[in-house]
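For reference, start.tsv (TSV, C-alpha atoms):
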```
chain	number	residue	atom	x	y	z
O	73	MET	CA	3.27	41.08	10.16
O	74	LYS	CA	5.65	43.38	8.31
O	75	THR	CA	6.04	40.85	5.50
O	76	LEU	CA	2.32	40.41	5.24
O	77	ARG	CA	1.81	44.17	5.10
O	78	ILE	CA	4.33	44.57	2.27
O	79	SER	CA	2.76	41.69	0.37
O	80	ALA	CA	-0.68	43.15	0.78
O	81	MET	CA	0.50	46.53	-0.44
O	82	ALA	CA	2.24	44.94	-3.44
O	83	GLY	CA	-0.91	43.01	-4.22
O	84	ALA	CA	-3.00	46.17	-4.04
O	85	MET	CA	-0.61	48.01	-6.32
O	86	ALA	CA	-0.64	45.14	-8.81
O	87	LEU	CA	-4.44	45.09	-8.73
O	88	ALA	CA	-4.54	48.83	-9.31
O	89	ALA	CA	-2.13	48.51	-12.22
O	90	PHE	CA	-4.17	45.68	-13.69
O	91	SER	CA	-7.39	47.63	-13.26
O	92	GLY	CA	-5.81	50.67	-14.93
O	93	ALA	CA	-4.72	48.57	-17.89
O	94	ALA	CA	-8.14	46.96	-18.12
O	95	MET	CA	-9.78	50.37	-18.12
O	96	ALA	CA	-7.41	51.80	-20.73
O	97	ASP	CA	-9.24	53.57	-23.53
O	98	ASP	CA	-9.71	51.72	-26.79
O	99	VAL	CA	-9.42	53.36	-30.19
O	100	THR	CA	-10.95	51.75	-33.26
O	101	ILE	CA	-9.21	52.17	-36.59
O	102	GLY	CA	-11.36	51.40	-39.60
O	103	LEU	CA	-9.80	49.93	-42.72
O	104	ALA	CA	-11.71	50.15	-45.99
O	105	THR	CA	-9.13	48.57	-48.29
O	106	ALA	CA	-8.93	46.26	-51.29
O	107	GLN	CA	-8.12	42.80	-50.03
O	108	THR	CA	-9.41	41.29	-53.26
O	109	GLY	CA	-9.47	42.52	-56.86
O	110	GLY	CA	-6.94	44.49	-58.84
O	111	LEU	CA	-5.48	46.50	-55.94
O	112	ALA	CA	-4.97	43.49	-53.68
O	113	PHE	CA	-1.33	43.22	-54.80
O	114	ALA	CA	-0.67	46.40	-52.79
O	115	ASP	CA	-3.43	46.49	-50.16
O	116	GLN	CA	-3.00	42.90	-48.95
O	117	PRO	CA	0.68	43.25	-47.99
O	118	SER	CA	0.00	46.73	-46.60
O	119	LEU	CA	-2.61	45.26	-44.26
O	120	ALA	CA	-0.25	42.46	-43.18
O	121	GLY	CA	2.37	45.01	-42.16
O	122	PHE	CA	-0.24	47.24	-40.53
O	123	LYS	CA	-1.51	44.39	-38.35
O	124	MET	CA	2.02	43.49	-37.28
O	125	ALA	CA	2.68	47.04	-36.08
O	126	VAL	CA	-0.66	47.20	-34.27
O	127	ASP	CA	0.20	44.01	-32.35
O	128	GLU	CA	3.54	45.53	-31.34
O	129	LEU	CA	2.00	48.81	-30.24
O	130	ASN	CA	-0.74	47.09	-28.24
O	131	ALA	CA	1.93	45.07	-26.44
O	132	LYS	CA	3.41	48.44	-25.38
O	133	GLY	CA	0.12	49.92	-24.22
O	134	GLY	CA	-1.36	51.05	-27.52
O	135	LEU	CA	-1.22	54.36	-29.40
O	136	GLY	CA	0.62	56.94	-27.35
O	137	GLY	CA	1.02	54.27	-24.69
O	138	LYS	CA	-2.61	54.59	-23.59
O	139	TYR	CA	-5.06	53.77	-26.39
O	140	MET	CA	-5.41	50.06	-27.14
O	141	ILE	CA	-6.05	49.59	-30.85
O	142	LYS	CA	-8.99	47.68	-32.26
O	143	LEU	CA	-9.35	47.11	-36.00
O	144	ASP	CA	-12.55	47.09	-38.05
O	145	ILE	CA	-11.57	45.71	-41.46
O	146	LYS	CA	-13.75	45.78	-44.56
O	147	ASP	CA	-12.79	44.49	-48.02
O	148	THR	CA	-13.64	47.02	-50.73
O	149	ARG	CA	-12.94	44.52	-53.53
O	150	THR	CA	-11.14	47.21	-55.61
O	151	ASP	CA	-14.48	48.88	-56.20
O	152	THR	CA	-15.14	52.55	-55.51
O	153	ALA	CA	-18.82	52.02	-54.69
O	154	ALA	CA	-17.88	49.30	-52.20
O	155	THR	CA	-15.29	51.65	-50.70
O	156	VAL	CA	-17.94	54.31	-50.21
O	157	GLN	CA	-20.25	51.84	-48.51
O	158	ALA	CA	-17.48	50.57	-46.25
O	159	ALA	CA	-16.47	54.12	-45.31
O	160	GLN	CA	-20.08	55.03	-44.51
O	161	GLU	CA	-20.41	51.99	-42.25
O	162	LEU	CA	-17.11	52.63	-40.48
O	163	VAL	CA	-17.86	56.32	-39.91
O	164	ALA	CA	-21.31	55.39	-38.56
O	165	ASP	CA	-19.63	52.91	-36.20
O	166	GLY	CA	-17.51	55.71	-34.75
O	167	VAL	CA	-13.99	54.84	-35.86
O	168	LYS	CA	-11.38	57.39	-34.82
O	169	VAL	CA	-9.08	56.86	-37.83
O	170	LEU	CA	-9.87	55.61	-41.34
O	171	ILE	CA	-7.44	53.84	-43.68
O	172	THR	CA	-8.22	53.81	-47.40
O	173	PRO	CA	-6.88	51.88	-50.45
O	174	CYS	CA	-3.76	52.34	-52.56
O	175	ASP	CA	-5.64	54.32	-55.18
O	176	ALA	CA	-6.80	57.90	-55.55
O	177	ASP	CA	-10.42	57.53	-56.69
O	178	PRO	CA	-11.69	55.27	-53.87
O	179	SER	CA	-9.55	57.11	-51.32
O	180	ILE	CA	-11.02	60.46	-52.33
O	181	ALA	CA	-14.55	59.01	-52.26
O	182	ALA	CA	-13.99	57.57	-48.77
O	183	GLY	CA	-12.29	60.74	-47.56
O	184	GLN	CA	-15.23	62.85	-48.59
O	185	ILE	CA	-17.29	60.81	-46.13
O	186	SER	CA	-14.80	60.94	-43.24
O	187	GLN	CA	-13.90	64.63	-43.76
O	188	PRO	CA	-17.17	66.13	-42.43
O	189	ALA	CA	-17.03	63.65	-39.54
O	190	GLN	CA	-13.60	65.06	-38.60
O	191	ILE	CA	-11.93	61.65	-38.82
O	192	PRO	CA	-8.22	61.66	-39.80
O	193	THR	CA	-7.91	59.49	-42.89
O	194	LEU	CA	-4.75	57.98	-44.35
O	195	THR	CA	-4.39	56.13	-47.63
O	196	PHE	CA	-2.33	52.92	-47.56
O	197	CYS	CA	-0.24	53.92	-50.57
O	198	GLY	CA	-2.31	56.23	-52.72
O	199	THR	CA	0.22	58.45	-54.49
O	200	THR	CA	-1.77	60.99	-56.51
O	201	PRO	CA	-0.60	64.32	-55.05
O	202	THR	CA	-4.05	65.89	-55.33
O	203	ILE	CA	-5.73	63.32	-53.06
O	204	THR	CA	-5.41	65.51	-49.99
O	205	ASP	CA	-6.63	68.73	-51.61
O	206	ALA	CA	-9.54	66.89	-53.23
O	207	VAL	CA	-10.77	65.84	-49.78
O	208	GLY	CA	-9.70	68.38	-47.19
O	209	ASP	CA	-7.60	68.83	-44.09
O	210	TYR	CA	-8.36	65.42	-42.56
O	211	MET	CA	-6.88	63.51	-45.51
O	212	PHE	CA	-3.24	62.34	-45.49
O	213	GLY	CA	-1.03	60.41	-47.87
O	214	THR	CA	1.68	58.12	-46.53
O	215	TYR	CA	3.60	57.00	-49.63
O	216	PRO	CA	5.91	58.94	-52.01
O	217	ALA	CA	3.72	61.01	-54.34
O	218	ASP	CA	3.53	60.57	-58.12
O	219	ASN	CA	5.19	63.88	-58.96
O	220	GLY	CA	8.13	63.06	-56.69
O	221	GLN	CA	8.50	59.58	-58.20
O	222	ALA	CA	8.35	61.02	-61.71
O	223	THR	CA	10.99	63.61	-60.86
O	224	LEU	CA	13.45	61.00	-59.62
O	225	LEU	CA	12.82	58.81	-62.70
O	226	ALA	CA	13.37	61.74	-65.06
O	227	GLU	CA	16.55	62.82	-63.31
O	228	TYR	CA	17.82	59.24	-63.49
O	229	ALA	CA	17.01	59.10	-67.23
O	230	ILE	CA	18.98	62.29	-67.84
O	231	GLN	CA	21.92	61.00	-65.77
O	232	LYS	CA	21.92	57.80	-67.84
O	233	GLY	CA	22.31	59.89	-70.97
O	234	TYR	CA	18.88	59.13	-72.41
O	235	LYS	CA	18.01	61.86	-74.90
O	236	THR	CA	14.58	60.70	-76.04
O	237	ALA	CA	11.69	59.04	-74.23
O	238	TYR	CA	8.42	57.42	-75.24
O	239	ILE	CA	5.66	57.48	-72.63
O	240	LEU	CA	2.69	55.15	-72.33
O	241	LYS	CA	-0.25	56.37	-70.27
O	242	SER	CA	-3.90	55.60	-69.56
O	243	PRO	CA	-6.58	58.21	-68.87
O	244	ASP	CA	-8.45	55.67	-66.75
O	245	SER	CA	-6.77	56.74	-63.50
O	246	ALA	CA	-4.90	59.77	-62.23
O	247	TYR	CA	-1.93	57.52	-61.44
O	248	THR	CA	-1.54	56.01	-64.91
O	249	LEU	CA	-2.17	59.35	-66.62
O	250	ARG	CA	-0.43	62.00	-64.56
O	251	LEU	CA	2.72	60.18	-63.45
O	252	PRO	CA	4.02	59.84	-67.04
O	253	GLU	CA	3.01	63.46	-67.66
O	254	TYR	CA	5.00	64.61	-64.61
O	255	PHE	CA	7.94	62.57	-65.95
O	256	THR	CA	7.66	64.30	-69.32
O	257	GLU	CA	7.59	67.73	-67.69
O	258	VAL	CA	10.82	67.14	-65.78
O	259	PHE	CA	12.56	65.17	-68.55
O	260	THR	CA	11.99	67.86	-71.20
O	261	LYS	CA	12.82	70.66	-68.76
O	262	LYS	CA	16.22	69.04	-68.25
O	263	GLY	CA	16.94	68.75	-71.95
O	264	GLY	CA	15.29	65.48	-72.96
O	265	LYS	CA	12.88	65.16	-75.87
O	266	LEU	CA	9.64	63.25	-76.21
O	267	ALA	CA	9.91	60.62	-78.96
O	268	GLY	CA	6.19	59.94	-78.81
O	269	GLU	CA	3.38	58.91	-76.54
O	270	GLY	CA	0.64	56.34	-76.54
O	271	THR	CA	-2.45	55.50	-74.56
O	272	TYR	CA	-4.15	52.33	-73.43
O	273	THR	CA	-7.29	51.24	-71.64
O	274	MET	CA	-6.66	49.65	-68.27
O	275	GLY	CA	-7.25	45.91	-68.45
O	276	GLN	CA	-7.15	45.74	-72.27
O	277	GLN	CA	-4.32	43.13	-72.41
O	278	ASP	CA	-3.75	43.61	-76.15
O	279	PHE	CA	-0.96	46.12	-76.76
O	280	ALA	CA	-0.26	45.18	-80.37
O	281	ALA	CA	-1.17	48.61	-81.76
O	282	GLU	CA	1.04	50.43	-79.25
O	283	VAL	CA	3.94	48.02	-79.68
O	284	THR	CA	3.73	48.35	-83.48
O	285	LYS	CA	3.78	52.13	-83.11
O	286	ILE	CA	6.88	52.02	-80.92
O	287	LYS	CA	8.69	49.54	-83.17
O	288	ALA	CA	8.09	51.77	-86.18
O	289	LEU	CA	9.85	54.74	-84.59
O	290	ASN	CA	13.10	55.65	-86.32
O	291	PRO	CA	15.27	56.21	-84.44
O	292	GLN	CA	14.06	54.10	-81.56
O	293	PRO	CA	13.50	55.95	-78.24
O	294	ASP	CA	16.32	55.79	-75.73
O	295	VAL	CA	13.88	54.81	-72.99
O	296	ILE	CA	10.20	53.94	-72.50
O	297	MET	CA	8.39	55.17	-69.39
O	298	THR	CA	4.99	54.06	-68.09
O	299	ALA	CA	3.01	53.92	-64.85
O	300	ALA	CA	1.11	50.81	-65.99
O	301	TYR	CA	0.77	48.08	-63.39
O	302	GLU	CA	-0.59	44.56	-63.35
O	303	PRO	CA	-2.21	43.07	-65.29
O	304	ASP	CA	-1.41	45.71	-67.92
O	305	PHE	CA	2.33	46.07	-67.39
O	306	PRO	CA	3.20	42.36	-67.76
O	307	ALA	CA	1.07	42.13	-70.91
O	308	PHE	CA	2.71	45.22	-72.41
O	309	LEU	CA	6.25	44.11	-71.57
O	310	LYS	CA	5.77	40.62	-72.99
O	311	GLN	CA	4.44	41.97	-76.27
O	312	LEU	CA	7.08	44.71	-76.42
O	313	ARG	CA	9.99	42.30	-76.00
O	314	GLY	CA	8.28	39.72	-78.20
O	315	ALA	CA	8.30	42.28	-81.01
O	316	GLY	CA	12.04	42.78	-80.59
O	317	VAL	CA	11.93	46.24	-78.99
O	318	THR	CA	14.91	46.41	-76.62
O	319	ALA	CA	14.68	49.98	-75.28
O	320	PRO	CA	15.06	50.14	-71.48
O	321	VAL	CA	11.84	50.56	-69.51
O	322	LEU	CA	11.23	52.81	-66.52
O	323	GLY	CA	8.25	52.11	-64.25
O	324	SER	CA	6.70	53.31	-61.03
O	325	ASP	CA	5.90	51.76	-57.66
O	326	GLY	CA	2.84	49.98	-59.06
O	327	ILE	CA	5.09	47.23	-60.43
O	328	ASP	CA	6.73	46.57	-57.06
O	329	SER	CA	5.19	43.13	-56.92
O	330	PRO	CA	6.24	39.48	-57.28
O	331	THR	CA	4.41	39.41	-60.61
O	332	THR	CA	7.07	41.69	-62.09
O	333	THR	CA	10.08	39.88	-60.66
O	334	GLY	CA	8.51	36.62	-61.83
O	335	LEU	CA	8.49	37.65	-65.50
O	336	GLY	CA	11.90	36.14	-66.13
O	337	ALA	CA	14.61	37.53	-68.40
O	338	ILE	CA	12.29	40.03	-70.12
O	339	ALA	CA	12.12	41.98	-66.84
O	340	ASP	CA	15.90	42.33	-66.56
O	341	GLY	CA	16.96	45.97	-66.68
O	342	ILE	CA	13.62	47.43	-65.63
O	343	VAL	CA	14.14	50.32	-63.23
O	344	HIS	CA	11.21	51.40	-61.08
O	345	THR	CA	10.43	53.53	-58.07
O	346	THR	CA	9.60	52.17	-54.63
O	347	ALA	CA	9.56	53.38	-51.04
O	348	GLY	CA	12.75	51.65	-49.90
O	349	PHE	CA	15.25	48.83	-50.28
O	350	PRO	CA	16.16	46.28	-47.57
O	351	ALA	CA	19.92	46.82	-47.69
O	352	GLU	CA	22.02	44.83	-45.25
O	353	GLY	CA	22.32	46.70	-41.96
O	354	SER	CA	19.37	49.00	-42.67
O	355	LYS	CA	16.22	49.31	-40.56
O	356	LEU	CA	14.23	48.00	-43.49
O	357	GLY	CA	16.57	45.03	-43.86
O	358	ALA	CA	16.16	44.21	-40.16
O	359	PHE	CA	12.38	44.42	-40.54
O	360	TYR	CA	12.46	41.99	-43.45
O	361	GLU	CA	14.29	39.49	-41.24
O	362	LYS	CA	11.84	40.06	-38.39
O	363	TYR	CA	8.93	39.53	-40.75
O	364	LYS	CA	10.51	36.32	-42.01
O	365	ALA	CA	10.95	35.07	-38.45
O	366	ALA	CA	7.28	35.78	-37.75
O	367	THR	CA	5.78	34.44	-40.98
O	368	GLY	CA	8.36	32.09	-42.46
O	369	ALA	CA	8.96	34.16	-45.59
O	370	LEU	CA	10.54	37.47	-46.55
O	371	PRO	CA	8.18	40.22	-47.75
O	372	GLU	CA	7.68	40.05	-51.51
O	373	THR	CA	7.11	43.80	-51.74
O	374	VAL	CA	7.91	46.95	-49.75
O	375	TYR	CA	4.16	47.54	-49.24
O	376	VAL	CA	4.43	45.28	-46.19
O	377	ALA	CA	6.88	47.74	-44.66
O	378	THR	CA	4.99	50.90	-45.61
O	379	GLY	CA	1.81	49.40	-44.16
O	380	TYR	CA	3.76	48.65	-40.98
O	381	GLU	CA	4.93	52.27	-40.77
O	382	ILE	CA	1.45	53.80	-40.65
O	383	PRO	CA	0.52	52.81	-37.07
O	384	TYR	CA	3.87	54.20	-35.92
O	385	ILE	CA	3.16	57.48	-37.73
O	386	LEU	CA	-0.19	57.56	-35.91
O	387	ASP	CA	1.58	56.72	-32.65
O	388	ALA	CA	3.88	59.74	-33.06
O	389	ALA	CA	0.86	61.95	-33.72
O	390	VAL	CA	-1.08	60.63	-30.71
O	391	LYS	CA	1.95	61.22	-28.47
O	392	ALA	CA	2.13	64.80	-29.75
O	393	ALA	CA	-1.61	65.41	-29.42
O	394	GLY	CA	-2.15	63.51	-26.18
O	395	THR	CA	-5.51	62.42	-27.53
O	396	VAL	CA	-7.25	60.66	-30.41
O	397	ASP	CA	-9.79	63.46	-30.74
O	398	GLY	CA	-10.17	64.21	-34.46
O	399	PRO	CA	-9.15	67.90	-34.71
O	400	ALA	CA	-6.22	67.52	-32.32
O	401	LEU	CA	-4.98	64.36	-34.04
O	402	ARG	CA	-5.31	66.02	-37.45
O	403	ASP	CA	-3.23	68.98	-36.27
O	404	ALA	CA	-0.58	66.70	-34.76
O	405	LEU	CA	-0.30	64.68	-37.98
O	406	ALA	CA	-0.02	67.83	-40.09
O	407	ASN	CA	2.87	69.08	-37.95
O	408	LEU	CA	4.93	65.87	-37.75
O	409	LYS	CA	8.53	66.33	-38.78
O	410	ASP	CA	11.29	63.78	-39.36
O	411	VAL	CA	9.41	60.79	-37.92
O	412	GLU	CA	11.80	57.84	-38.09
O	413	VAL	CA	10.27	54.90	-39.94
O	414	LEU	CA	11.68	51.82	-41.64
O	415	THR	CA	12.36	53.55	-44.95
O	416	GLY	CA	13.78	56.81	-43.61
O	417	LYS	CA	12.05	59.91	-42.25
O	418	VAL	CA	8.52	61.13	-42.86
O	419	THR	CA	7.58	64.82	-42.66
O	420	TYR	CA	4.16	66.44	-43.04
O	421	ALA	CA	5.03	69.89	-41.71
O	422	GLY	CA	5.09	72.37	-44.58
O	423	THR	CA	3.42	70.01	-47.05
O	424	ASN	CA	-0.14	69.61	-48.34
O	425	ARG	CA	-0.35	66.45	-46.20
O	426	MET	CA	1.39	64.36	-48.86
O	427	PRO	CA	4.60	63.46	-47.01
O	428	SER	CA	8.10	64.55	-47.84
O	429	ARG	CA	10.13	61.35	-47.76
O	430	ASP	CA	12.84	59.39	-49.55
O	431	ILE	CA	12.14	57.60	-52.82
O	432	THR	CA	14.16	54.62	-54.01
O	433	LEU	CA	14.99	53.37	-57.49
O	434	VAL	CA	15.62	49.65	-57.95
O	435	GLU	CA	16.63	47.59	-60.97
O	436	ILE	CA	15.36	44.09	-61.67
O	437	GLU	CA	17.99	41.54	-62.47
O	438	GLY	CA	17.63	37.76	-62.40
O	439	GLY	CA	14.25	37.92	-60.72
O	440	LYS	CA	15.53	40.10	-57.89
O	441	ARG	CA	15.70	43.81	-57.17
O	442	LYS	CA	18.98	45.62	-56.63
O	443	LEU	CA	19.40	49.12	-55.26
O	444	VAL	CA	20.09	51.91	-57.74
O	445	LEU	CA	19.72	54.96	-55.51
O	446	THR	CA	17.68	56.55	-52.74
O	447	ALA	CA	16.98	60.28	-52.64
O	448	THR	CA	14.45	62.96	-51.76
O	449	PRO	CA	13.79	65.07	-54.87
O	450	ASP	CA	14.44	68.79	-54.57
O	451	PRO	CA	10.98	70.36	-54.03
O	452	ALA	CA	11.90	73.05	-56.54
O	453	GLU	CA	12.28	70.37	-59.23
O	454	VAL	CA	9.00	68.57	-58.49
O	455	PRO	CA	6.09	69.55	-60.79
O	456	LYS	CA	3.08	71.17	-59.18
O	457	PRO	CA	0.05	68.87	-59.06
```
Encoding of this model in structure tokens:
Amino acid sequence: MKTLRISAMAGAMALAAFSGAAMADDVTIGLATAQTGGLAFADQPSLAGFKMAVDELNAKGGLGGKYMIKLDIKDTRTDTAATVQAAQELVADGVKVLITPCDADPSIAAGQISQPAQIPTLTFCGTTPTITDAVGDYMFGTYPADNGQATLLAEYAIQKGYKTAYILKSPDSAYTLRLPEYFTEVFTKKGGKLAGEGTYTMGQQDFAAEVTKIKALNPQPDVIMTAAYEPDFPAFLKQLRGAGVTAPVLGSDGIDSPTTTGLGAIADGIVHTTAGFPAEGSKLGAFYEKYKAATGALPETVYVATGYEIPYILDAAVKAAGTVDGPALRDALANLKDVEVLTGKVTYAGTNRMPSRDITLVEIEGGKRKLVLTATPDPAEVPKP
């Protein structure tokens, strides 16, 4: 009788536990991101990492240990109008959090829809530092901002002894325009001089005029800096090296893709920014091995890892807020400090909701990246957006 009583009690407790788990609240995260088109090189791996983290969190009971995560994923096709439509549909469906693409314009457009609905919104890896102010207090960046990246690149250029720099920019996006301008501001402030600047139209593929202009410079610039990304960056680099211009090239996180490392010898010596490097013994290195065990291949870009970090940033905020209610979750996100992620620590407290976090410089050599340095730029040195 005693044994039966204990068994019955255990069974009742197990049933109660099961019922509690079954009745756990769900939270739907909407993702309006570019899984096809020009931004897919960043948004696709970001989504892969994001999904991996969501599976892990759900196995532990969900966000904050009590909100099981459901995903509503829409492909925006690298189109701002499609992003707006997707955001409208997701907001109408009642998502509690919205994730937007790795680009300022569509992220701002989507955020302006989620802002009045009081839905915390995070961009996968949009880096324009004015994204958050352009939308409002429910908009958050997650990736190192353009002005921070530019500061680290300029400081590196000065440390390398480069005296003159040529910048190539495009007015077609805030990223391709402002990042080189931030670089120029810091570089000249620290004693460097601008050897010249050129512009291009995104997607033009023919850089003959710009390359001719650079080759004609006498003396040649010590370094060339651009925030161009694919398909523009590979086209520019091929034509630049084909014309015999050997000046070192500095780039930004937009060329952190297998396309760049696959360019062969012409890519050797390129130094660019990124969010982290999988050094042996690091958290990021361990994640790369875990990802390989799960998928059969190492990540080709750090965007997998930064996408993976976002659910854990949300998890920290939900634990602090105790809820997924919009205003409370927004406040918790805005006050996060030193959240441990794969690439270091993320802090929103005291910022304009663009995070303070480490930035890494890597150099391409033999089709692989090697670590140059990792640092958080001094806020006093970072240009105002």
Exercise. What's the 7 Å shell around Ile436 of chain O, counting all atoms listed in the file, without same-chain residues fewer than 5 positions away, as JSON, numbers by chain?
Worked result: {"O": [333, 339, 340, 341, 342, 343, 441, 442]}
For this session: Could you please determine the separation between atom CA of Lys362 of chain O and atom CA of Phe122 of chain O in Å, to one decimal place?
Result: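 That distance, rounded to one decimal, is 14.2 Å.
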Exercise. Which distance in Å separates atom CA of Val374 of chain O and atom CA of Ala347 of chain O, to one decimal?
Worked result: 6.8 Å
Exercise. If you count only C-alpha atoms, which residues fall within 8 Å of Gly398 of chain O, apart from same-chain ones fewer than 3 positions away, as a PyMOL selection string?
Worked result: chain O and resi 168+190-192+401-402
For this session: Select, from O:Gly263, O:Gly268, O:Gly102, O:Pro306, the residue with the minimum atom-to-atom distance to Asn290 of chain O, counting all atoms listed in the file.
Result: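 Looking at the shortest contact to Asn290 of chain O, the residue is O:Gly268.
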Exercise. Which is closer to Ala106 of chain O than all the others in O:Phe196, O:Met140, O:Ser186, O:Gly166, using all atoms listed in the file?
Worked result: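 Ranking O:Phe196, O:Met140, O:Ser186, O:Gly166 by distance to Ala106 of chain O, first place goes to O:Phe196.
Residues with any atom within 12 Å of segment 351-353 of chain O, counting all atoms listed in the file and excluding same-chain neighbours fewer than 6 positions away, are Phe359, Tyr360, Glu361, Leu414, Thr415, Thr432, Val434, Arg441, Lys442, Leu443, Val444, Leu445 and Thr446 of chain O.
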